[in-house]
$ cat start.cif   # mmCIF, C-alpha atoms
data_run
#
loop_
_atom_site.group_PDB
_atom_site.id
_atom_site.type_symbol
_atom_site.label_atom_id
_atom_site.label_comp_id
_atom_site.auth_asym_id
_atom_site.auth_seq_id
_atom_site.Cartn_x
_atom_site.Cartn_y
_atom_site.Cartn_z
ATOM 1 C CA MET A 250 7.718 -54.625 -3.099
ATOM 2 C CA THR A 251 11.454 -55.171 -3.558
ATOM 3 C CA PRO A 252 12.682 -57.564 -6.245
ATOM 4 C CA ILE A 253 14.122 -59.769 -3.524
ATOM 5 C CA GLN A 254 10.744 -59.957 -1.769
ATOM 6 C CA ILE A 255 9.098 -60.808 -5.088
ATOM 7 C CA LEU A 256 11.532 -63.720 -5.563
ATOM 8 C CA MET A 257 11.038 -64.885 -1.974
ATOM 9 C CA ASP A 258 7.244 -64.794 -2.369
ATOM 10 C CA GLU A 259 7.572 -66.933 -5.486
ATOM 11 C CA HIS A 260 9.677 -69.339 -3.433
ATOM 12 C CA GLN A 261 6.736 -69.807 -1.070
ATOM 13 C CA ARG A 262 4.477 -71.009 -3.902
ATOM 14 C CA ILE A 263 7.250 -73.317 -5.141
ATOM 15 C CA LEU A 264 7.762 -74.730 -1.632
ATOM 16 C CA ARG A 265 4.028 -75.457 -1.232
ATOM 17 C CA THR A 266 4.083 -77.271 -4.549
ATOM 18 C CA LEU A 267 7.164 -79.222 -3.450
ATOM 19 C CA ASP A 268 5.216 -80.293 -0.337
ATOM 20 C CA ALA A 269 2.551 -81.690 -2.652
ATOM 21 C CA LEU A 270 5.132 -83.396 -4.879
ATOM 22 C CA GLU A 271 6.623 -85.116 -1.834
ATOM 23 C CA GLN A 272 3.188 -86.379 -0.803
ATOM 24 C CA PHE A 273 2.634 -87.626 -4.358
ATOM 25 C CA ALA A 274 5.959 -89.508 -4.112
ATOM 26 C CA HIS A 275 5.080 -91.007 -0.726
ATOM 27 C CA ARG A 276 1.697 -92.170 -2.008
ATOM 28 C CA LEU A 277 3.426 -93.776 -4.970
ATOM 29 C CA GLU A 278 5.835 -95.538 -2.591
ATOM 30 C CA ARG A 279 2.868 -96.847 -0.576
ATOM 31 C CA GLY A 280 1.367 -98.390 -3.685
ATOM 32 C CA ASP A 281 -1.307 -95.814 -4.534
ATOM 33 C CA GLU A 282 -2.359 -95.620 -8.166
ATOM 34 C CA PHE A 283 0.034 -93.733 -10.445
ATOM 35 C CA ASP A 284 -1.589 -90.592 -11.838
ATOM 36 C CA ALA A 285 0.422 -89.649 -14.925
ATOM 37 C CA GLY A 286 -1.792 -86.599 -15.441
ATOM 38 C CA ASP A 287 -0.877 -85.161 -12.060
ATOM 39 C CA LEU A 288 2.792 -85.878 -12.656
ATOM 40 C CA ALA A 289 2.513 -83.976 -15.941
ATOM 41 C CA ARG A 290 0.884 -81.075 -14.071
ATOM 42 C CA PHE A 291 3.737 -81.008 -11.543
ATOM 43 C CA VAL A 292 6.265 -81.058 -14.380
ATOM 44 C CA GLY A 293 4.450 -78.258 -16.177
ATOM 45 C CA PHE A 294 4.413 -76.124 -13.043
ATOM 46 C CA PHE A 295 8.095 -76.615 -12.342
ATOM 47 C CA GLN A 296 9.094 -76.033 -15.971
ATOM 48 C CA ARG A 297 6.931 -72.979 -16.508
ATOM 49 C CA TYR A 298 6.653 -71.308 -13.099
ATOM 50 C CA ALA A 299 9.797 -72.322 -11.223
ATOM 51 C CA ASP A 300 12.109 -72.273 -14.222
ATOM 52 C CA ARG A 301 10.809 -69.973 -16.966
ATOM 53 C CA PHE A 302 9.038 -67.481 -14.680
ATOM 54 C CA HIS A 303 11.188 -67.513 -11.520
ATOM 55 C CA HIS A 304 14.666 -68.796 -12.428
ATOM 56 C CA ALA A 305 14.668 -66.630 -15.542
ATOM 57 C CA LYS A 306 14.350 -63.526 -13.341
ATOM 58 C CA GLU A 307 17.307 -64.668 -11.298
ATOM 59 C CA GLU A 308 19.489 -65.667 -14.246
ATOM 60 C CA ASP A 309 18.604 -62.830 -16.612
ATOM 61 C CA HIS A 310 18.492 -60.021 -14.073
ATOM 62 C CA LEU A 311 19.655 -60.668 -10.504
ATOM 63 C CA PHE A 312 22.672 -62.853 -11.268
ATOM 64 C CA LYS A 313 23.808 -60.568 -14.097
ATOM 65 C CA ARG A 314 23.678 -57.558 -11.810
ATOM 66 C CA MET A 315 25.493 -59.503 -9.127
ATOM 67 C CA GLY A 316 28.155 -60.331 -11.730
ATOM 68 C CA ASP A 317 28.524 -56.629 -12.474
ATOM 69 C CA ALA A 318 28.987 -56.093 -8.727
ATOM 70 C CA GLY A 319 31.838 -58.613 -8.579
ATOM 71 C CA PHE A 320 30.124 -61.975 -8.053
ATOM 72 C CA PRO A 321 31.519 -64.230 -10.803
ATOM 73 C CA ALA A 322 29.224 -66.637 -12.657
ATOM 74 C CA ASP A 323 31.987 -69.230 -12.866
ATOM 75 C CA GLY A 324 32.738 -69.457 -9.147
ATOM 76 C CA GLY A 325 31.232 -68.593 -5.804
ATOM 77 C CA PRO A 326 27.579 -68.393 -4.796
ATOM 78 C CA VAL A 327 26.132 -67.383 -8.169
ATOM 79 C CA ALA A 328 27.905 -70.286 -9.864
ATOM 80 C CA VAL A 329 26.462 -72.691 -7.292
ATOM 81 C CA MET A 330 22.942 -71.390 -7.954
ATOM 82 C CA LEU A 331 23.396 -71.779 -11.717
ATOM 83 C CA VAL A 332 24.636 -75.358 -11.326
ATOM 84 C CA GLU A 333 21.649 -76.168 -9.110
ATOM 85 C CA HIS A 334 19.244 -74.658 -11.658
ATOM 86 C CA ASP A 335 20.718 -77.027 -14.243
ATOM 87 C CA GLN A 336 20.513 -79.992 -11.865
ATOM 88 C CA GLY A 337 16.848 -79.193 -11.239
ATOM 89 C CA ARG A 338 16.167 -78.995 -14.971
ATOM 90 C CA SER A 339 17.766 -82.399 -15.430
ATOM 91 C CA LEU A 340 15.601 -83.964 -12.725
ATOM 92 C CA VAL A 341 12.442 -82.370 -14.150
ATOM 93 C CA LYS A 342 13.310 -83.887 -17.540
ATOM 94 C CA LYS A 343 13.400 -87.317 -15.866
ATOM 95 C CA LEU A 344 10.014 -86.662 -14.284
ATOM 96 C CA ASN A 345 8.643 -85.518 -17.635
ATOM 97 C CA LYS A 346 9.714 -88.779 -19.276
ATOM 98 C CA ALA A 347 8.125 -90.750 -16.450
ATOM 99 C CA ALA A 348 4.788 -89.025 -17.061
ATOM 100 C CA ASP A 349 4.620 -91.037 -20.302
ATOM 101 C CA TRP A 350 5.120 -94.395 -18.597
ATOM 102 C CA PRO A 351 2.060 -96.613 -18.972
ATOM 103 C CA ALA A 352 0.274 -97.578 -15.767
ATOM 104 C CA PRO A 353 0.391 -99.710 -13.785
ATOM 105 C CA LEU A 354 4.031 -99.129 -12.905
ATOM 106 C CA SER A 355 6.327 -101.917 -11.825
ATOM 107 C CA GLU A 356 7.698 -101.742 -8.295
ATOM 108 C CA GLY A 357 11.088 -100.750 -9.717
ATOM 109 C CA LYS A 358 9.641 -97.869 -11.735
ATOM 110 C CA ARG A 359 7.544 -96.704 -8.760
ATOM 111 C CA SER A 360 10.628 -96.649 -6.588
ATOM 112 C CA LYS A 361 12.757 -94.855 -9.200
ATOM 113 C CA LEU A 362 10.093 -92.247 -9.850
ATOM 114 C CA ALA A 363 9.492 -91.610 -6.153
ATOM 115 C CA ASN A 364 13.247 -91.284 -5.584
ATOM 116 C CA ASP A 365 13.568 -88.811 -8.461
ATOM 117 C CA MET A 366 10.669 -86.731 -7.128
ATOM 118 C CA LEU A 367 12.137 -86.673 -3.637
ATOM 119 C CA ALA A 368 15.614 -85.865 -4.975
ATOM 120 C CA PHE A 369 14.185 -82.923 -6.917
ATOM 121 C CA ALA A 370 12.274 -81.677 -3.872
ATOM 122 C CA ASP A 371 15.367 -81.997 -1.691
ATOM 123 C CA LEU A 372 17.536 -80.161 -4.226
ATOM 124 C CA LEU A 373 15.071 -77.323 -4.677
ATOM 125 C CA ARG A 374 14.406 -76.919 -0.943
ATOM 126 C CA GLY A 375 18.119 -76.622 -0.236
ATOM 127 C CA HIS A 376 18.512 -74.262 -3.171
ATOM 128 C CA ILE A 377 15.725 -71.991 -1.963
ATOM 129 C CA PHE A 378 17.179 -71.960 1.559
ATOM 130 C CA LYS A 379 20.583 -70.887 0.214
ATOM 131 C CA GLU A 380 19.042 -68.146 -1.896
ATOM 132 C CA ASP A 381 16.743 -66.794 0.819
ATOM 133 C CA GLN A 382 19.274 -67.001 3.642
ATOM 134 C CA MET A 383 22.574 -66.278 1.892
ATOM 135 C CA LEU A 384 22.485 -65.153 -1.743
ATOM 136 C CA TYR A 385 19.644 -62.653 -1.531
ATOM 137 C CA PRO A 386 21.085 -60.882 1.540
ATOM 138 C CA MET A 387 24.406 -60.659 -0.339
ATOM 139 C CA ALA A 388 22.595 -59.080 -3.279
ATOM 140 C CA MET A 389 20.770 -56.602 -1.057
ATOM 141 C CA ASN A 390 24.090 -55.521 0.453
ATOM 142 C CA ALA A 391 26.024 -55.385 -2.826
ATOM 143 C CA LEU A 392 23.612 -53.964 -5.388
ATOM 144 C CA PRO A 393 22.883 -50.264 -5.633
ATOM 145 C CA ASP A 394 19.364 -48.977 -5.094
ATOM 146 C CA SER A 395 19.165 -48.128 -8.794
ATOM 147 C CA ASP A 396 19.659 -51.815 -9.722
ATOM 148 C CA MET A 397 16.999 -52.851 -7.234
ATOM 149 C CA ALA A 398 14.567 -50.273 -8.613
ATOM 150 C CA GLU A 399 15.218 -51.383 -12.199
ATOM 151 C CA MET A 400 14.687 -55.048 -11.288
ATOM 152 C CA GLU A 401 11.507 -54.208 -9.407
ATOM 153 C CA GLN A 402 10.163 -52.535 -12.553
ATOM 154 C CA VAL A 403 11.235 -55.406 -14.829
ATOM 155 C CA PHE A 404 9.732 -58.010 -12.481
ATOM 156 C CA ALA A 405 6.461 -56.066 -12.381
ATOM 157 C CA GLU A 406 6.406 -56.009 -16.195
ATOM 158 C CA ILE A 407 7.100 -59.755 -16.372
ATOM 159 C CA ARG A 408 4.284 -60.420 -13.917
ATOM 160 C CA ALA A 409 1.857 -58.132 -15.751
ATOM 161 C CA GLU A 410 2.585 -59.880 -19.042
ATOM 162 C CA ALA A 411 2.095 -63.323 -17.457
ATOM 163 C CA GLU A 412 -1.153 -62.170 -15.850
ATOM 164 C CA GLN A 413 -2.441 -60.632 -19.071
ATOM 165 C CA SER A 414 -1.798 -63.837 -21.004
ATOM 166 C CA GLY A 415 -3.551 -65.847 -18.306
ATOM 167 C CA GLU A 416 -0.503 -68.066 -17.837
ATOM 168 C CA LEU A 417 0.240 -66.904 -14.305
ATOM 169 C CA THR A 418 -3.339 -67.487 -13.162
ATOM 170 C CA GLU A 419 -3.270 -70.957 -14.717
ATOM 171 C CA LEU A 420 0.033 -71.860 -13.037
ATOM 172 C CA GLU A 421 -1.069 -70.555 -9.646
ATOM 173 C CA ARG A 422 -4.349 -72.470 -9.936
ATOM 174 C CA THR A 423 -2.457 -75.644 -10.870
ATOM 175 C CA ALA A 424 -0.169 -75.244 -7.870
ATOM 176 C CA ASP A 425 -3.120 -74.623 -5.538
ATOM 177 C CA GLU A 426 -5.045 -77.636 -6.872
ATOM 178 C CA LEU A 427 -2.032 -79.943 -6.519
ATOM 179 C CA ALA A 428 -1.345 -78.641 -3.008
ATOM 180 C CA GLU A 429 -4.958 -79.313 -2.039
ATOM 181 C CA ARG A 430 -5.062 -82.761 -3.633
ATOM 182 C CA TYR A 431 -1.793 -83.854 -2.071
ATOM 183 C CA ALA A 432 -2.088 -82.168 1.302
ATOM 184 C CA ALA A 433 -0.107 -83.908 4.021
ATOM 185 C CA GLY A 434 -2.034 -86.101 6.333
#
$ encode --input "start.cif" --output "structure tokens"
Amino acid sequence: MTPIQILMDEHQRILRTLDALEQFAHRLERGDEFDAGDLARFVGFFQRYADRFHHAKEEDHLFKRMGDAGFPADGGPVAVMLVEHDQGRSLVKKLNKAADWPAPLSEGKRSKLANDMLAFADLLRGHIFKEDQMLYPMAMNALPDSDMAEMEQVFAEIRAEAEQSGELTELERTADELAERYAAG
């Protein structure tokens, strides 16, 4: 599997979890009980899987290689992706703080939290679209086969380490459970 396909497959798990986060936000807006534990699980997934597992591959490997191929990190598409990673981290920090809010939440806090969740989901959906539809095709056209092969090997090693530690299985299970619990409908 190519490194780009690996990243795109990871995007699919992130998108399914974003679907669940949006449903969580809509339920909160409707007045459903606030589940701080589930919010903490969402935060944990996005911090550990989306950021430390997925974004780290992009930042530490793909974007660096793209920089070597002439895509600057301080302008252009790579710079936009880096800024959006930071924006996502900032929103996840807000969600993490909200997980400590004592229930029941006031109407104002419910609204703020739901808005932050939806803003994060909107940001990440747009980000993933730009990567899948624009940035990744640019990388496939610009990077030599040797870079792709090296990244494929590194990504396989990262995955194997995460599987061996049990972290990847735990994160995937968390995402699946949240997606099931907050299925649309």
$ resolve_selection --input "start.cif" --expression "the PyMOL selection byres ((chain A and resi 250-262) around 7)" --output "list in words"
Ile263, Leu264, Arg265, Thr266, Ile377, Asp381, Tyr385, Met397, Met400, Glu401 and Phe404 of chain A
$ resolve_selection --input "start.cif" --expression "the PyMOL selection byres ((chain A and resi 417-426) around 12)" --output "ChimeraX atom specification"
/A:259,261-270,286-299,301-303,407-416,427-432
$ closest_residue --input "start.cif" --among "A:Ala285, A:Leu392, A:Ala305, A:Leu340" --to "A:Ala352" --atoms "all atoms listed in the file"
A:Ala285
$ resolve_selection --input "start.cif" --expression "the PyMOL selection byres ((chain A and resi 363) around 9)" --output "NGL selection string"
:A and (271 or 273-278 or 358-362 or 364-368)
$ write_last_selection --input "start.cif" --atoms "C-alpha atoms" --output "PDB file, in the frame of the given file"
ATOM      1  CA  GLU A 271       6.623 -85.116  -1.834  1.00  0.00           C
ATOM      2  CA  PHE A 273       2.634 -87.626  -4.358  1.00  0.00           C
ATOM      3  CA  ALA A 274       5.959 -89.508  -4.112  1.00  0.00           C
ATOM      4  CA  HIS A 275       5.080 -91.007  -0.726  1.00  0.00           C
ATOM      5  CA  ARG A 276       1.697 -92.170  -2.008  1.00  0.00           C
ATOM      6  CA  LEU A 277       3.426 -93.776  -4.970  1.00  0.00           C
ATOM      7  CA  GLU A 278       5.835 -95.538  -2.591  1.00  0.00           C
ATOM      8  CA  LYS A 358       9.641 -97.869 -11.735  1.00  0.00           C
ATOM      9  CA  ARG A 359       7.544 -96.704  -8.760  1.00  0.00           C
ATOM     10  CA  SER A 360      10.628 -96.649  -6.588  1.00  0.00           C
ATOM     11  CA  LYS A 361      12.757 -94.855  -9.200  1.00  0.00           C
ATOM     12  CA  LEU A 362      10.093 -92.247  -9.850  1.00  0.00           C
ATOM     13  CA  ASN A 364      13.247 -91.284  -5.584  1.00  0.00           C
ATOM     14  CA  ASP A 365      13.568 -88.811  -8.461  1.00  0.00           C
ATOM     15  CA  MET A 366      10.669 -86.731  -7.128  1.00  0.00           C
ATOM     16  CA  LEU A 367      12.137 -86.673  -3.637  1.00  0.00           C
ATOM     17  CA  ALA A 368      15.614 -85.865  -4.975  1.00  0.00           C
TER      18      ALA A 368
END
$ closest_residue --input "start.cif" --among "A:Ala433, A:Lys379, A:Met389, A:Gln402" --to "A:Glu333" --atoms "only C-alpha atoms"
A:Lys379
$ closest_residue --input "start.cif" --among "A:Lys313, A:Gln272, A:Asp300, A:Gly337" --to "A:Gly375" --atoms "all atoms listed in the file"
A:Gly337
$ residues_near_point --input "start.cif" --point "(26.6, -64.5, -8.7)" --cutoff "12 Å" --atoms "only C-alpha atoms" --output "VMD selection string"
chain A and resid 307 to 332 380 383 to 385 387 to 388 391 to 392
$ write_last_selection --input "start.cif" --atoms "C-alpha atoms" --output "CSV table (one decimal), in the frame of the given file"
chain,number,residue,atom,x,y,z
A,307,GLU,CA,17.3,-64.7,-11.3
A,308,GLU,CA,19.5,-65.7,-14.2
A,309,ASP,CA,18.6,-62.8,-16.6
A,310,HIS,CA,18.5,-60.0,-14.1
A,311,LEU,CA,19.7,-60.7,-10.5
A,312,PHE,CA,22.7,-62.9,-11.3
A,313,LYS,CA,23.8,-60.6,-14.1
A,314,ARG,CA,23.7,-57.6,-11.8
A,315,MET,CA,25.5,-59.5,-9.1
A,316,GLY,CA,28.2,-60.3,-11.7
A,317,ASP,CA,28.5,-56.6,-12.5
A,318,ALA,CA,29.0,-56.1,-8.7
A,319,GLY,CA,31.8,-58.6,-8.6
A,320,PHE,CA,30.1,-62.0,-8.1
A,321,PRO,CA,31.5,-64.2,-10.8
A,322,ALA,CA,29.2,-66.6,-12.7
A,323,ASP,CA,32.0,-69.2,-12.9
A,324,GLY,CA,32.7,-69.5,-9.1
A,325,GLY,CA,31.2,-68.6,-5.8
A,326,PRO,CA,27.6,-68.4,-4.8
A,327,VAL,CA,26.1,-67.4,-8.2
A,328,ALA,CA,27.9,-70.3,-9.9
A,329,VAL,CA,26.5,-72.7,-7.3
A,330,MET,CA,22.9,-71.4,-8.0
A,331,LEU,CA,23.4,-71.8,-11.7
A,332,VAL,CA,24.6,-75.4,-11.3
A,380,GLU,CA,19.0,-68.1,-1.9
A,383,MET,CA,22.6,-66.3,1.9
A,384,LEU,CA,22.5,-65.2,-1.7
A,385,TYR,CA,19.6,-62.7,-1.5
A,387,MET,CA,24.4,-60.7,-0.3
A,388,ALA,CA,22.6,-59.1,-3.3
A,391,ALA,CA,26.0,-55.4,-2.8
A,392,LEU,CA,23.6,-54.0,-5.4
$ atom_distance --input "start.cif" --atom1 "atom CA of A:Gly280" --atom2 "atom CA of A:Gln336"
27.8 Å
$ closest_residue --input "start.cif" --among "A:Leu354, A:Ala398, A:Ala347, A:Val341" --to "A:Leu372" --atoms "all atoms listed in the file"
A:Val341
$ atom_distance --input "start.cif" --atom1 "atom CA of A:Trp350" --atom2 "atom CA of A:His376"
28.7 Å
$ decode --input "start.cif" --residues "stretch 289-414 of chain A" --atoms "C-alpha atoms" --output "CSV table (one decimal), in the first residue's frame"
chain,number,residue,atom,x,y,z
A,289,ALA,CA,-12.8,12.9,26.9
A,290,ARG,CA,-12.8,9.9,24.6
A,291,PHE,CA,-13.3,12.0,21.5
A,292,VAL,CA,-10.5,14.3,22.7
A,293,GLY,CA,-8.2,11.4,23.3
A,294,PHE,CA,-8.8,9.9,19.9
A,295,PHE,CA,-8.2,13.2,18.1
A,296,GLN,CA,-5.0,13.9,20.2
A,297,ARG,CA,-3.5,10.5,19.9
A,298,TYR,CA,-4.8,9.1,16.6
A,299,ALA,CA,-5.4,12.1,14.4
A,300,ASP,CA,-2.5,14.2,15.7
A,301,ARG,CA,0.2,12.0,17.1
A,302,PHE,CA,-0.3,9.0,14.8
A,303,HIS,CA,-1.6,10.6,11.6
A,304,HIS,CA,-0.4,14.3,11.5
A,305,ALA,CA,3.0,13.2,12.8
A,306,LYS,CA,3.5,11.1,9.6
A,307,GLU,CA,2.6,14.1,7.5
A,308,GLU,CA,4.7,16.6,9.3
A,309,ASP,CA,7.7,14.4,10.0
A,310,HIS,CA,7.8,12.6,6.7
A,311,LEU,CA,5.6,13.7,3.9
A,312,PHE,CA,5.8,17.5,4.4
A,313,LYS,CA,9.6,17.3,4.9
A,314,ARG,CA,10.0,15.4,1.7
A,315,MET,CA,7.7,17.8,-0.1
A,316,GLY,CA,9.9,20.6,1.2
A,317,ASP,CA,13.0,18.9,-0.3
A,318,ALA,CA,11.1,18.7,-3.6
A,319,GLY,CA,10.4,22.5,-3.6
A,320,PHE,CA,7.2,22.9,-1.5
A,321,PRO,CA,8.1,25.5,1.1
A,322,ALA,CA,6.8,25.1,4.7
A,323,ASP,CA,6.4,28.8,5.1
A,324,GLY,CA,4.1,29.3,2.1
A,325,GLY,CA,1.9,27.4,-0.3
A,326,PRO,CA,-0.1,24.2,0.3
A,327,VAL,CA,2.2,22.7,2.9
A,328,ALA,CA,2.1,25.9,5.0
A,329,VAL,CA,-1.7,25.9,4.9
A,330,MET,CA,-1.8,22.3,6.1
A,331,LEU,CA,0.6,23.1,9.0
A,332,VAL,CA,-1.5,26.1,10.0
A,333,GLU,CA,-4.6,23.9,10.0
A,334,HIS,CA,-3.0,21.3,12.1
A,335,ASP,CA,-2.2,24.0,14.7
A,336,GLN,CA,-5.8,25.3,14.5
A,337,GLY,CA,-7.1,21.8,15.1
A,338,ARG,CA,-4.8,21.4,18.1
A,339,SER,CA,-6.1,24.6,19.5
A,340,LEU,CA,-9.7,23.5,19.1
A,341,VAL,CA,-9.0,20.1,20.7
A,342,LYS,CA,-7.5,21.9,23.7
A,343,LYS,CA,-10.8,23.8,24.1
A,344,LEU,CA,-12.7,20.5,24.0
A,345,ASN,CA,-10.3,19.0,26.5
A,346,LYS,CA,-10.9,21.8,28.9
A,347,ALA,CA,-14.7,21.4,28.5
A,348,ALA,CA,-14.5,17.7,29.4
A,349,ASP,CA,-13.7,18.9,32.9
A,350,TRP,CA,-16.8,21.1,33.2
A,351,PRO,CA,-19.3,19.8,35.8
A,352,ALA,CA,-22.7,18.7,34.6
A,353,PRO,CA,-25.3,19.9,34.1
A,354,LEU,CA,-24.1,22.5,31.7
A,355,SER,CA,-25.7,25.9,31.4
A,356,GLU,CA,-27.3,26.7,28.1
A,357,GLY,CA,-24.4,29.0,27.3
A,358,LYS,CA,-21.8,26.4,27.9
A,359,ARG,CA,-23.8,23.8,25.9
A,360,SER,CA,-23.9,26.2,23.0
A,361,LYS,CA,-20.2,27.1,23.2
A,362,LEU,CA,-19.2,23.5,23.4
A,363,ALA,CA,-21.4,22.4,20.5
A,364,ASN,CA,-20.1,25.3,18.4
A,365,ASP,CA,-16.5,24.3,19.2
A,366,MET,CA,-17.1,20.7,18.3
A,367,LEU,CA,-18.8,21.6,15.0
A,368,ALA,CA,-16.0,24.1,14.2
A,369,PHE,CA,-13.4,21.4,14.8
A,370,ALA,CA,-15.3,19.0,12.6
A,371,ASP,CA,-15.7,21.6,9.9
A,372,LEU,CA,-12.0,22.5,10.0
A,373,LEU,CA,-10.9,18.9,9.8
A,374,ARG,CA,-13.3,17.9,7.1
A,375,GLY,CA,-12.1,20.7,4.9
A,376,HIS,CA,-8.5,19.9,5.7
A,377,ILE,CA,-8.9,16.3,4.8
A,378,PHE,CA,-10.6,17.2,1.5
A,379,LYS,CA,-7.7,19.5,0.6
A,380,GLU,CA,-5.1,16.9,1.4
A,381,ASP,CA,-6.9,14.0,-0.4
A,382,GLN,CA,-7.9,16.1,-3.4
A,383,MET,CA,-5.0,18.5,-3.8
A,384,LEU,CA,-1.9,18.0,-1.6
A,385,TYR,CA,-1.6,14.3,-1.9
A,386,PRO,CA,-1.8,14.3,-5.7
A,387,MET,CA,0.8,17.0,-5.7
A,388,ALA,CA,3.1,14.8,-3.6
A,389,MET,CA,2.5,11.8,-5.8
A,390,ASN,CA,3.5,13.8,-8.9
A,391,ALA,CA,6.5,15.5,-7.2
A,392,LEU,CA,8.2,12.9,-5.0
A,393,PRO,CA,10.4,10.2,-6.4
A,394,ASP,CA,9.6,6.6,-6.1
A,395,SER,CA,12.4,6.2,-3.6
A,396,ASP,CA,10.8,8.7,-1.2
A,397,MET,CA,7.5,6.9,-1.5
A,398,ALA,CA,9.1,3.6,-0.8
A,399,GLU,CA,11.0,4.9,2.2
A,400,MET,CA,7.8,6.5,3.6
A,401,GLU,CA,5.9,3.3,3.0
A,402,GLN,CA,8.5,1.4,5.1
A,403,VAL,CA,8.5,4.1,7.9
A,404,PHE,CA,4.7,4.1,8.0
A,405,ALA,CA,4.6,0.3,8.3
A,406,GLU,CA,7.1,0.5,11.2
A,407,ILE,CA,5.0,3.2,12.9
A,408,ARG,CA,1.9,1.1,12.6
A,409,ALA,CA,3.6,-2.1,13.8
A,410,GLU,CA,4.9,-0.3,16.8
A,411,ALA,CA,1.5,1.1,17.6
A,412,GLU,CA,-0.1,-2.3,17.1
A,413,GLN,CA,2.5,-4.0,19.3
A,414,SER,CA,1.9,-1.6,22.1
